[in-house]
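Participant: Structure file coords.cif (mmCIF, C-alpha atoms and all ligand atoms) is given on the next line.
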```cif
data_input
loop_
_atom_site.label_atom_id
_atom_site.label_comp_id
_atom_site.auth_asym_id
_atom_site.auth_seq_id
_atom_site.Cartn_x
_atom_site.Cartn_y
_atom_site.Cartn_z
CA MET A 1 98.36 110.13 128.14
CA LEU A 2 96.40 106.95 127.94
CA LEU A 3 96.46 106.85 124.13
CA ASP A 4 100.08 107.72 123.47
CA GLN A 5 101.54 104.31 124.15
CA PRO A 6 99.24 102.12 121.99
CA ILE A 7 99.38 104.54 119.05
CA HIS A 8 103.15 104.88 119.18
CA ALA A 9 103.57 101.11 119.57
CA TRP A 10 101.31 100.49 116.55
CA VAL A 11 103.34 102.84 114.32
CA ILE A 12 106.63 101.27 115.40
CA ARG A 13 105.28 97.75 114.88
CA GLU A 14 103.82 98.58 111.44
CA LYS A 15 106.72 100.71 110.23
CA GLN A 16 107.59 98.41 107.32
CA ALA A 17 103.97 98.01 106.23
CA ILE A 18 103.50 101.80 106.26
CA ILE A 19 106.60 102.33 104.10
CA ASP A 20 105.59 99.49 101.77
CA CYS A 21 102.16 101.03 101.28
CA LEU A 22 103.73 104.33 100.25
CA ARG A 23 106.09 102.53 97.88
CA TYR A 24 103.07 100.71 96.41
CA PHE A 25 101.29 103.97 95.60
CA ILE A 26 104.46 105.60 94.26
CA GLY A 27 104.69 102.60 91.92
CA ILE A 28 101.36 103.47 90.34
CA ASP A 29 101.79 106.09 87.61
CA THR A 30 99.18 108.79 88.26
CA GLN A 31 100.70 111.65 86.28
CA ASN A 32 98.46 114.56 85.47
CA LEU A 33 99.12 115.14 81.80
CA ALA A 34 96.88 118.19 81.67
CA PRO A 35 94.33 118.52 80.35
CA LYS A 36 94.09 114.71 80.57
CA GLY A 37 94.67 112.65 83.69
CA ASN A 38 95.87 109.25 84.65
CA GLU A 39 94.65 108.76 88.21
CA ARG A 40 92.32 105.81 87.67
CA ALA A 41 94.59 102.93 88.73
CA GLY A 42 95.64 104.80 91.85
CA GLN A 43 92.05 105.67 92.70
CA LEU A 44 90.91 102.06 92.30
CA ALA A 45 93.75 100.88 94.52
CA MET A 46 92.74 103.45 97.12
CA ALA A 47 89.11 102.32 96.95
CA ALA A 48 90.10 98.64 97.25
CA LEU A 49 92.13 99.28 100.40
CA LEU A 50 89.39 101.40 101.98
CA ASN A 51 86.96 98.59 101.20
CA VAL A 52 89.16 95.93 102.76
CA MET A 53 89.43 98.11 105.85
CA GLY A 54 85.66 98.14 106.24
CA CYS A 55 84.88 101.68 105.13
CA THR A 56 81.78 102.65 103.22
CA VAL A 57 83.33 103.43 99.85
CA ASP A 58 82.04 105.68 97.07
CA VAL A 59 83.91 105.73 93.76
CA TYR A 60 82.14 108.34 91.70
CA ASP A 61 82.45 110.03 88.36
CA ILE A 62 82.81 113.70 89.26
CA LYS A 63 80.54 114.80 86.43
CA SER A 64 77.72 112.80 88.02
CA VAL A 65 77.69 115.20 90.98
CA PRO A 66 74.60 117.43 90.71
CA GLY A 67 75.43 121.08 90.18
CA LEU A 68 79.12 120.56 89.36
CA GLN A 69 79.06 121.62 85.75
CA GLN A 70 76.82 124.60 86.50
CA ASN A 71 79.12 125.78 89.30
CA SER A 72 81.04 128.96 88.50
CA HIS A 73 84.30 127.37 89.73
CA TYR A 74 83.99 124.35 87.42
CA TRP A 75 86.80 124.32 84.85
CA SER A 76 85.25 122.94 81.68
CA GLU A 77 88.57 122.73 79.82
CA ARG A 78 89.65 119.79 81.98
CA PRO A 79 88.09 116.47 80.91
CA ALA A 80 86.85 114.39 83.82
CA THR A 81 86.04 111.15 82.03
CA GLY A 82 87.69 108.07 83.54
CA ARG A 83 88.95 110.06 86.50
CA PRO A 84 86.81 109.08 89.50
CA ASN A 85 86.98 110.58 92.98
CA VAL A 86 87.11 108.19 95.93
CA MET A 87 85.52 108.61 99.36
CA GLY A 88 85.79 106.12 102.20
CA ILE A 89 83.89 106.65 105.45
CA ARG A 90 84.68 104.90 108.70
CA HIS A 91 81.43 105.58 110.49
CA GLY A 92 81.50 106.74 114.07
CA ARG A 93 79.12 105.59 116.76
CA GLY A 94 77.56 109.06 116.84
CA GLY A 95 77.84 112.21 118.87
CA GLY A 96 81.32 113.24 117.73
CA ARG A 97 82.78 115.68 115.22
CA SER A 98 83.55 114.46 111.71
CA LEU A 99 87.05 114.68 110.25
CA LEU A 100 88.02 114.54 106.59
CA PHE A 101 91.48 113.72 105.29
CA SER A 102 91.45 114.94 101.69
CA GLY A 103 94.30 114.35 99.27
CA HIS A 104 94.83 114.37 95.52
CA MET A 105 95.95 111.27 93.63
CA ASP A 106 97.51 113.03 90.64
CA THR A 107 101.17 113.96 90.45
CA VAL A 108 102.86 116.38 88.09
CA PRO A 109 104.60 114.65 85.15
CA ALA A 110 108.05 113.16 85.78
CA GLY A 111 109.38 115.82 83.41
CA MET A 112 112.38 116.04 81.12
CA ASP A 113 115.10 116.53 83.75
CA THR A 114 117.22 113.62 85.00
CA TRP A 115 116.09 111.57 88.00
CA HIS A 116 118.85 109.91 90.02
CA HIS A 117 116.24 107.84 91.86
CA LEU A 118 113.65 106.55 89.42
CA PRO A 119 110.20 108.17 89.66
CA TRP A 120 108.12 105.01 90.22
CA GLU A 121 110.57 102.72 92.05
CA GLY A 122 110.18 104.03 95.59
CA GLU A 123 113.92 103.83 96.19
CA ILE A 124 115.18 104.30 99.74
CA ALA A 125 118.50 105.98 100.53
CA ASP A 126 119.83 108.04 103.44
CA GLY A 127 116.60 107.74 105.40
CA LYS A 128 114.58 109.14 102.48
CA LEU A 129 111.97 107.50 100.29
CA PHE A 130 112.16 108.84 96.73
CA GLY A 131 109.51 108.92 94.04
CA LEU A 132 107.14 111.02 92.01
CA GLY A 133 104.41 112.09 94.41
CA ALA A 134 106.26 110.80 97.47
CA TYR A 135 105.97 114.23 99.06
CA ASP A 136 103.13 115.78 97.02
CA MET A 137 101.09 113.95 98.13
CA LYS A 138 100.96 110.18 98.22
CA SER A 139 102.55 110.38 101.68
CA GLY A 140 99.41 112.21 102.75
CA LEU A 141 97.03 109.73 101.15
CA VAL A 142 98.87 106.75 102.62
CA ALA A 143 99.06 108.33 106.08
CA SER A 144 95.27 108.81 105.95
CA LEU A 145 94.79 105.16 105.05
CA MET A 146 97.06 104.19 107.91
CA VAL A 147 94.87 106.05 110.38
CA VAL A 148 91.98 103.75 109.45
CA ARG A 149 94.18 100.69 109.70
CA ALA A 150 95.52 101.71 113.09
CA LEU A 151 92.04 102.34 114.47
CA ASN A 152 90.85 98.99 113.14
CA GLU A 153 93.75 97.10 114.64
CA LEU A 154 93.52 98.94 117.94
CA GLY A 155 89.81 98.09 117.93
CA TRP A 156 88.69 101.69 118.47
CA VAL A 157 85.42 103.05 117.14
CA LEU A 158 85.38 106.85 117.20
CA ASN A 159 82.32 108.93 117.95
CA GLY A 160 82.45 111.08 114.81
CA ASP A 161 82.82 109.92 111.22
CA LEU A 162 86.32 109.67 109.80
CA MET A 163 86.37 110.35 106.07
CA ILE A 164 89.26 109.51 103.74
CA GLU A 165 89.13 111.14 100.34
CA SER A 166 91.27 111.00 97.24
CA VAL A 167 90.40 113.49 94.52
CA VAL A 168 91.55 113.79 90.90
CA ASP A 169 93.05 116.62 88.88
CA GLU A 170 94.51 118.98 91.47
CA GLU A 171 97.83 119.74 89.79
CA TYR A 172 98.01 122.42 87.08
CA GLY A 173 95.48 124.52 88.92
CA GLY A 174 92.77 121.88 88.76
CA CYS A 175 89.94 122.08 91.26
CA ASN A 176 87.15 120.06 89.66
CA GLY A 177 87.85 116.98 91.82
CA SER A 178 87.72 118.97 95.04
CA LEU A 179 84.73 120.98 93.92
CA ALA A 180 82.77 117.81 93.12
CA ALA A 181 83.80 116.35 96.46
CA ARG A 182 82.65 119.41 98.43
CA LEU A 183 79.34 119.46 96.59
CA LYS A 184 78.81 115.87 97.74
CA TYR A 185 80.49 115.47 101.15
CA ASN A 186 81.40 117.87 103.96
CA ALA A 187 82.83 117.56 107.45
CA ASP A 188 83.44 119.58 110.61
CA LEU A 189 87.14 119.81 109.68
CA ALA A 190 89.33 118.83 106.75
CA ILE A 191 93.05 118.19 106.92
CA VAL A 192 94.64 118.38 103.47
CA PRO A 193 98.07 116.73 103.62
CA GLU A 194 99.86 118.86 101.02
CA PRO A 195 103.60 118.87 101.71
CA THR A 196 104.09 121.36 104.56
CA ASN A 197 107.01 119.76 106.44
CA MET A 198 104.67 119.20 109.37
CA ILE A 199 104.04 122.92 109.66
CA ILE A 200 100.37 123.59 110.36
CA CYS A 201 99.05 125.92 107.68
CA PRO A 202 95.63 127.53 108.19
CA ALA A 203 96.32 129.73 105.12
CA HIS A 204 97.67 129.24 101.63
CA HIS A 205 98.70 131.39 98.71
CA GLY A 206 96.68 131.88 95.59
CA GLY A 207 98.13 132.82 92.25
CA LEU A 208 97.69 133.87 88.67
CA MET A 209 99.11 132.08 85.64
CA PHE A 210 99.20 134.45 82.69
CA ARG A 211 100.66 134.75 79.23
CA VAL A 212 102.42 137.85 77.94
CA THR A 213 102.68 138.20 74.18
CA PHE A 214 104.91 140.66 72.33
CA GLU A 215 104.15 141.27 68.67
CA GLY A 216 107.14 142.28 66.53
CA LYS A 217 107.74 142.22 62.82
CA SER A 218 109.28 139.19 61.21
CA GLY A 219 112.18 139.72 58.79
CA TRP A 220 115.93 139.58 58.24
CA SER A 221 118.93 141.90 57.96
CA PHE A 222 118.66 142.65 54.22
CA SER A 223 114.96 143.35 54.39
CA PRO A 224 114.17 146.92 53.26
CA GLU A 225 111.51 147.03 56.00
CA HIS A 226 113.39 146.65 59.27
CA PRO A 227 112.35 143.67 61.36
CA VAL A 228 111.18 144.40 64.91
CA ASP A 229 112.48 141.75 67.26
CA PRO A 230 109.92 140.91 69.97
CA VAL A 231 112.55 138.80 71.79
CA ILE A 232 114.48 141.91 72.81
CA ALA A 233 111.29 143.30 74.34
CA LEU A 234 110.66 139.96 76.03
CA ALA A 235 114.15 140.06 77.53
CA HIS A 236 113.48 143.54 78.94
CA PHE A 237 110.16 142.27 80.27
CA VAL A 238 111.81 139.38 82.13
CA ARG A 239 114.04 141.92 83.88
CA LEU A 240 110.96 143.99 84.65
CA LEU A 241 109.28 140.92 86.16
CA ASN A 242 112.21 140.51 88.49
CA ASP A 243 111.87 144.13 89.63
CA TRP A 244 108.09 143.77 89.88
CA ALA A 245 108.49 140.76 92.18
CA ALA A 246 110.79 142.78 94.46
CA HIS A 247 108.36 145.74 94.32
CA ARG A 248 105.45 143.52 95.37
CA GLN A 249 107.52 142.04 98.15
CA ARG A 250 108.30 145.55 99.43
CA THR A 251 104.87 147.11 99.10
CA LEU A 252 102.21 144.44 99.74
CA PRO A 253 101.15 144.15 103.38
CA VAL A 254 102.23 140.81 104.86
CA PRO A 255 99.45 138.90 106.68
CA PRO A 256 100.36 137.78 110.22
CA LEU A 257 100.64 134.09 109.23
CA TYR A 258 103.28 135.00 106.61
CA GLN A 259 105.51 137.21 108.77
CA SER A 260 108.17 134.50 109.07
CA ASN A 261 108.04 133.58 105.37
CA PRO A 262 106.94 136.58 103.30
CA GLN A 263 107.71 135.18 99.87
CA LEU A 264 105.57 135.92 96.83
CA PRO A 265 107.33 134.20 93.92
CA VAL A 266 106.96 135.39 90.33
CA LEU A 267 108.14 132.49 88.17
CA VAL A 268 108.65 132.33 84.42
CA ASN A 269 107.38 128.93 83.25
CA GLN A 270 107.72 128.97 79.48
CA VAL A 271 109.43 131.18 76.91
CA MET A 272 108.60 130.82 73.25
CA ALA A 273 109.82 132.59 70.12
CA GLY A 274 110.84 131.50 66.67
CA ASP A 275 110.37 128.19 64.93
CA VAL A 276 112.14 125.83 67.37
CA SER A 277 111.33 122.79 65.18
CA LEU A 278 114.06 123.84 62.75
CA PRO A 279 117.32 121.93 63.37
CA PHE A 280 119.92 124.74 63.31
CA PHE A 281 118.46 128.21 63.24
CA ALA A 282 115.56 129.98 61.65
CA ASP A 283 117.17 132.66 59.45
CA ARG A 284 114.59 135.24 60.46
CA VAL A 285 113.51 137.36 63.39
CA PRO A 286 110.30 135.88 64.82
CA GLY A 287 107.13 137.87 64.50
CA GLN A 288 105.96 137.02 68.00
CA ALA A 289 107.43 136.09 71.38
CA TRP A 290 105.54 135.02 74.48
CA LEU A 291 106.10 133.73 77.94
CA THR A 292 103.93 132.29 80.71
CA VAL A 293 104.31 133.55 84.25
CA TRP A 294 103.04 132.36 87.62
CA ALA A 295 102.64 135.05 90.26
CA GLU A 296 101.61 134.11 93.80
CA VAL A 297 99.38 136.17 96.07
CA TYR A 298 98.45 136.24 99.75
CA PRO A 299 94.94 135.15 100.76
CA GLY A 300 92.35 137.81 99.97
CA ALA A 301 93.99 139.16 96.79
CA SER A 302 92.06 139.28 93.54
CA GLN A 303 93.06 138.58 89.95
CA ASN A 304 92.30 142.17 88.96
CA GLU A 305 94.62 143.53 91.65
CA VAL A 306 97.50 141.49 90.20
CA LEU A 307 96.76 142.52 86.62
CA ASP A 308 96.23 146.20 87.47
CA ASP A 309 99.46 146.27 89.45
CA LEU A 310 101.42 144.68 86.59
CA HIS A 311 99.91 147.03 83.98
CA ALA A 312 100.72 150.05 86.16
CA TYR A 313 104.27 148.82 86.76
CA TYR A 314 104.77 148.28 83.02
CA LYS A 315 103.51 151.76 82.26
CA LEU A 316 105.92 153.24 84.77
CA ALA A 317 108.83 151.25 83.28
CA GLN A 318 108.04 152.52 79.79
CA ALA A 319 109.07 156.04 80.88
CA SER A 320 112.68 154.96 81.29
CA ASP A 321 112.94 151.91 78.99
CA VAL A 322 112.88 152.78 75.28
CA VAL A 323 112.47 149.15 74.25
CA LEU A 324 109.40 148.57 76.43
CA ALA A 325 108.10 152.00 75.43
CA ALA A 326 107.75 150.68 71.86
CA PHE A 327 105.66 147.64 72.84
CA GLU A 328 102.21 147.16 74.33
CA PRO A 329 102.18 143.45 75.15
CA GLU A 330 98.99 141.52 75.49
CA ILE A 331 98.62 140.13 79.02
CA THR A 332 96.15 137.24 79.11
CA PRO A 333 95.09 135.45 82.29
CA ILE A 334 95.24 131.64 81.95
CA ARG A 335 94.30 130.46 85.42
CA TRP A 336 93.46 132.20 88.69
CA LEU A 337 93.46 130.42 92.04
CA ASP A 338 92.22 132.15 95.18
CA GLY A 339 94.27 132.06 98.35
CA SER A 340 92.29 131.33 101.49
CA MET A 341 92.59 131.07 105.24
CA ILE A 342 90.79 130.02 108.38
CA ALA A 343 91.33 131.51 111.84
CA SER A 344 94.44 130.36 113.70
CA HIS A 345 92.25 129.80 116.76
CA ASN A 346 90.14 127.27 114.83
CA PRO A 347 89.87 124.24 117.16
CA GLY A 348 91.35 122.00 114.43
CA VAL A 349 94.47 124.15 114.20
CA GLN A 350 94.77 124.19 117.99
CA LEU A 351 94.38 120.41 118.20
CA LEU A 352 96.98 119.78 115.50
CA ALA A 353 99.41 122.09 117.29
CA GLU A 354 98.94 120.22 120.58
CA THR A 355 99.31 116.85 118.85
CA VAL A 356 102.44 117.80 116.90
CA SER A 357 104.23 118.95 120.02
CA ARG A 358 103.09 115.88 121.92
CA VAL A 359 104.31 113.42 119.28
CA THR A 360 107.50 115.21 118.19
CA GLY A 361 108.48 116.81 121.50
CA ARG A 362 108.99 120.11 119.66
CA ALA A 363 106.87 123.25 119.57
CA ALA A 364 104.47 123.16 116.62
CA GLN A 365 104.87 125.80 113.92
CA VAL A 366 101.77 127.52 112.56
CA GLN A 367 102.33 129.50 109.34
CA GLY A 368 100.75 130.30 106.01
CA ALA A 369 101.63 127.79 103.27
CA PRO A 370 103.86 129.30 100.56
CA PHE A 371 101.98 127.71 97.68
CA ALA A 372 98.61 127.71 95.97
CA CYS A 373 96.36 124.64 95.96
CA ASP A 374 92.71 123.61 95.88
CA GLY A 375 92.23 124.63 99.54
CA HIS A 376 90.14 127.66 98.62
CA ILE A 377 87.42 125.33 97.35
CA PHE A 378 86.99 124.24 100.97
CA ASN A 379 87.46 127.53 102.78
CA LEU A 380 85.68 129.88 100.41
CA TYR A 381 83.12 127.73 98.65
CA SER A 382 82.10 124.95 101.05
CA PRO A 383 81.03 124.60 104.68
CA THR A 384 84.15 122.52 105.49
CA PRO A 385 87.06 124.47 107.04
CA MET A 386 90.43 123.22 105.82
CA VAL A 387 93.91 123.23 107.28
CA LEU A 388 97.01 122.06 105.41
CA PHE A 389 99.32 119.71 107.22
CA GLY A 390 101.65 117.29 105.43
CA ALA A 391 104.82 115.28 105.53
CA VAL A 392 108.48 116.35 105.69
CA GLY A 393 110.44 116.04 102.46
CA GLY A 394 111.71 117.92 99.45
CA GLN A 395 111.91 118.41 95.68
CA PRO A 396 108.16 118.75 95.02
CA HIS A 397 107.37 119.03 91.30
CA SER A 398 110.99 118.13 90.45
CA PRO A 399 113.32 115.13 90.07
CA ASP A 400 114.23 113.10 93.15
CA GLU A 401 111.16 114.12 95.12
CA PHE A 402 111.32 112.51 98.55
CA VAL A 403 109.89 112.16 102.05
CA VAL A 404 111.97 111.69 105.18
CA ILE A 405 110.99 108.29 106.50
CA ASP A 406 111.31 108.87 110.27
CA ASP A 407 109.34 112.09 110.03
CA PHE A 408 106.76 110.36 107.86
CA LEU A 409 106.16 107.82 110.62
CA GLN A 410 105.74 110.66 113.12
CA PHE A 411 103.35 112.31 110.69
CA VAL A 412 101.23 109.14 110.63
CA GLU A 413 101.28 109.12 114.43
CA VAL A 414 100.11 112.76 114.57
CA LEU A 415 97.21 112.00 112.22
CA ILE A 416 96.07 109.01 114.29
CA HIS A 417 96.11 111.11 117.47
CA THR A 418 94.32 113.96 115.76
CA ALA A 419 91.56 111.70 114.44
CA VAL A 420 91.02 110.17 117.87
CA GLN A 421 90.97 113.52 119.67
CA TRP A 422 88.84 115.30 117.09
CA CYS A 423 86.24 112.60 116.51
CA GLY A 424 86.24 111.44 120.15
CA LEU A 425 86.77 108.05 121.76
CA ASP A 426 85.20 106.67 124.91
CA SER A 427 87.85 105.84 127.46
CA THR A 428 86.19 102.44 128.03
CA GLU A 429 87.27 101.56 124.45
CA VAL A 430 90.89 102.21 125.29
CA ASN A 431 90.77 100.18 128.48
CA ASN A 432 89.33 97.26 126.53
CA SER A 433 92.00 97.36 123.87
ZN ZN A 501 99.77 118.76 95.99
#
```
What would you get if you wrote out this structure as structure tokens?

Facilitator:
Amino acid sequence: MLLDQPIHAWVIREKQAIIDCLRYFIGIDTQNLAPKGNERAGQLAMAALLNVMGCTVDVYDIKSVPGLQQNSHYWSERPATGRPNVMGIRHGRGGGRSLLFSGHMDTVPAGMDTWHHLPWEGEIADGKLFGLGAYDMKSGLVASLMVVRALNELGWVLNGDLMIESVVDEEYGGCNGSLAARLKYNADLAIVPEPTNMIICPAHHGGLMFRVTFEGKSGWSFSPEHPVDPVIALAHFVRLLNDWAAHRQRTLPVPPLYQSNPQLPVLVNQVMAGDVSLPFFADRVPGQAWLTVWAEVYPGASQNEVLDDLHAYYKLAQASDVVLAAFEPEITPIRWLDGSMIASHNPGVQLLAETVSRVTGRAAQVQGAPFACDGHIFNLYSPTPMVLFGAVGGQPHSPDEFVVIDDFLQFVEVLIHTAVQWCGLDSTEVNNS
């Protein structure tokens, strides 16, 4: 096609600049230390680059968005002060469809586990670029910026508006940044470059984070009143969770987009019992033990379905487990995120599939994403349909997170093509370039 050669040539020519830009953003610490955030420096850098590239830029305090704090999806426990959203618009000449690339600037914390490639150095080894947020999702933000740069340098003005957005506070189940953004700006299609390994994902999981608390009776061996150890019950409960996960996997109907990857993880995140501040041991059975659990769901599931299913499963287990039979734990929801989906025949999904196969030479894969994110804010609570499509890499939310450099460059190329095709470009523009 007419456009393939100039776009491919631009990516090859600018390869080093594209990699350097990603290393630059990895070098900015934007850890989400929930409930507080640290995105500001990254957001200002994003805004500065969008400005230099001639976009109309809006850096806005999310709380200033009318209706945000009254919205039922607003999460008031997450402070928004000093955490601005950024929008950059490369205006079209009119008459075309608008396209939004929407990413989040925050990363999870670097964590306590050892990194072999430092989190903010952007080290390169074995064709991979390492760093906190390299995959989730500074690669996506940088690729979006590179689309604007490419169009500028190719001298192409699209018909529809191209919108580049960086929101705050997405990790840890945050949605306030996206919610504010959707209350302020919408588009005919959004591509959210969460890490999907260049699989096109018109659907994504939701999930429930919940806490389970077992109350026992504190004491020690010589106590005339026998202590009741809640940790033993907690241990039985962890085994039950494992069985519950398998039960859900067996019994829940698998939506078509998840047939090739029908995984619904149930993950224990924290376990707490006893006074762990004491240096050796505590010399007593703790009075309470709790754990936090993340359980994923397919699009369309509700929080109550998850809780009812777990309560019923626990009740059933009590019939054959004398330890669990003696406890009625308190199960408290902490955070619910909806799953969501758009139709696979959505023209944006179709266009991405065509573009991926054109650029990579391989058939595009269309599947549901096996993770929860802020995508439901688009698909369920805004007029902007959203599809997830992101870079190839690994180790998200863990040490030595990386993107594969060659695939990243192809990813940039796919996004440029997609923007041009979606927003529209007069062929006279191409002939003049
Ligand atoms: Zn992410």

Participant: List all protein, DNA and RNA residues that have at least one atom no more than 12 Å from any atom of ligand ZN 501 (chain A), counting only C-alpha atoms and all ligand atoms, and write them as a PyMOL selection string.

Facilitator: chain A and resi 32+102-108+132-141+166-175+192-196+369+371-375+388-391+396-397

Participant: Considering all atoms listed in the file, can you say which of A:Glu215, A:Glu14, A:Glu165, A:Glu401 comes closest to Gly177 (chain A)?

Facilitator: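 Under the stated criterion, the closest residue is A:Glu165.
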
Participant: Rank A:His417, A:His91, A:His8, A:Lys184 by their smallest atom-to-atom distance to Glu354 (chain A), using all atoms listed in the file, and report the top residue only.

Facilitator: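 Distance minimum relative to Glu354 (chain A) lands on A:His417.
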
Participant: Name the closest residue to Val323 (chain A) among the candidates A:Val271, A:Ala190, A:Ala233, A:Leu264; distances are taken between atoms, counting all atoms listed in the file.

Facilitator: A:Ala233

Participant: Please list as a ChimeraX atom specification every residue within 8 Å of Trp244 (chain A), counting all atoms listed in the file and excluding residues in the same chain fewer than 4 positions away.

Facilitator: /A:240,248,310,313

Participant: Region 281-291 of chain A: which residues within 8 Å, counting only C-alpha atoms, same-chain residues fewer than 5 positions away excluded, as a list in words?

Facilitator: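 Selected residues are Arg211, Val212, Thr213, Phe214, Glu215, Gly216, Lys217, Ser218, Gly219, Trp220, Pro227, Val228, Asp229, Pro230, Val231, Leu234, Val268, Asn269, Gln270, Val271, Met272, Ala273, Gly274, Asp275 and Val276 of chain A.
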
Participant: Record the distance separating CA of Ser260 (chain A) and CA of Val356 (chain A), expressed in Å with one decimal.

Facilitator: 19.3 Å

Participant: Closest to Arg362 (chain A) among A:Ile164, A:Met87, A:Met198, A:Ala9, using all atoms listed in the file?

Facilitator: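 Closest to Arg362 (chain A), using all atoms listed in the file: A:Met198.
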
Participant: Taking all atoms listed in the file into account, name the residue in A:Asn176, A:Ser221, A:Ser398, A:Ser302 that is nearest to Gln70 (chain A).

Facilitator: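 The shortest atom-to-atom distance to Gln70 (chain A) comes from A:Asn176.
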
Participant: Select, from A:Gly348, A:Pro224, A:Pro255, A:Pro6, the residue with the minimum atom-to-atom distance to Trp156 (chain A), counting only C-alpha atoms.

Facilitator: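 For Trp156 (chain A), the nearest of the candidates is A:Pro6.
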
Participant: Taking (95.9, 101.0, 93.3) in the file's coordinates, which residues come within 12 Å, counting only C-alpha atoms, written as a ChimeraX atom specification?

Facilitator: /A:21-30,38-50,86,105,138,141-142,166

Participant: One decimal, in Å: what's the spacing between CA of Val359 (chain A) and CA of Ile416 (chain A)?

Facilitator: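 Answer for the CA of Val359 (chain A) to CA of Ile416 (chain A) separation: 10.6 Å.
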
Participant: Figure out the distance between CA of Asn152 (chain A) and CA of Arg358 (chain A), please, to one decimal in Å.

Facilitator: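 Distance between the two atoms: 22.6 Å.
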
Participant: Within 7 Å of Thr56 (chain A), counting all atoms listed in the file, which residues qualify if same-chain residues fewer than 5 places away don't, as a PyMOL selection string?

Facilitator: chain A and resi 51+88-90

Participant: Write out as a list in words the residues lying within 8 Å of Ile334 (chain A), counting all atoms listed in the file and excluding same-chain residues fewer than 5 positions away.

Facilitator: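 In the requested format, the answer is Leu208, Met209, Phe210 and Arg211 of chain A.
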
Participant: Distance cut-off 8 Å, centre (86.5, 112.9, 117.8) in file coordinates, counting all atoms listed in the file: which residues qualify? Return them as an MDAnalysis selection string.

Facilitator: chainID A and resid 96:99 158:160 419:425

Participant: Will you model all heavy atoms for region 233-237 of chain A and pass it back as a short mmCIF file (atom, residue, chain, number, x, y, z; two decimals), keeping the file's coordinate frame?

Facilitator:
```cif
data_model
loop_
_atom_site.label_atom_id
_atom_site.label_comp_id
_atom_site.auth_asym_id
_atom_site.auth_seq_id
_atom_site.Cartn_x
_atom_site.Cartn_y
_atom_site.Cartn_z
N ALA A 233 112.28 142.76 73.40
CA ALA A 233 111.29 143.30 74.34
C ALA A 233 111.00 142.29 75.44
O ALA A 233 110.88 142.64 76.62
CB ALA A 233 110.00 143.63 73.59
N LEU A 234 110.93 141.02 75.05
CA LEU A 234 110.66 139.96 76.03
C LEU A 234 111.78 139.91 77.07
O LEU A 234 111.53 139.75 78.27
CB LEU A 234 110.50 138.63 75.30
CG LEU A 234 110.06 137.45 76.15
CD1 LEU A 234 109.03 136.61 75.41
CD2 LEU A 234 111.24 136.57 76.51
N ALA A 235 113.02 140.08 76.60
CA ALA A 235 114.15 140.06 77.53
C ALA A 235 114.04 141.22 78.54
O ALA A 235 114.24 141.03 79.74
CB ALA A 235 115.47 140.16 76.76
N HIS A 236 113.68 142.39 78.03
CA HIS A 236 113.48 143.54 78.94
C HIS A 236 112.34 143.25 79.92
O HIS A 236 112.40 143.63 81.09
CB HIS A 236 113.18 144.81 78.14
CG HIS A 236 114.41 145.44 77.56
ND1 HIS A 236 114.81 146.73 77.83
CD2 HIS A 236 115.36 144.94 76.72
CE1 HIS A 236 115.94 147.00 77.18
NE2 HIS A 236 116.28 145.93 76.49
N PHE A 237 111.32 142.56 79.42
CA PHE A 237 110.16 142.27 80.27
C PHE A 237 110.54 141.29 81.40
O PHE A 237 110.05 141.42 82.52
CB PHE A 237 109.02 141.69 79.43
CG PHE A 237 107.77 141.45 80.22
CD1 PHE A 237 106.95 142.51 80.58
CD2 PHE A 237 107.43 140.18 80.64
CE1 PHE A 237 105.80 142.30 81.34
CE2 PHE A 237 106.29 139.96 81.40
CZ PHE A 237 105.46 141.02 81.74
#
```
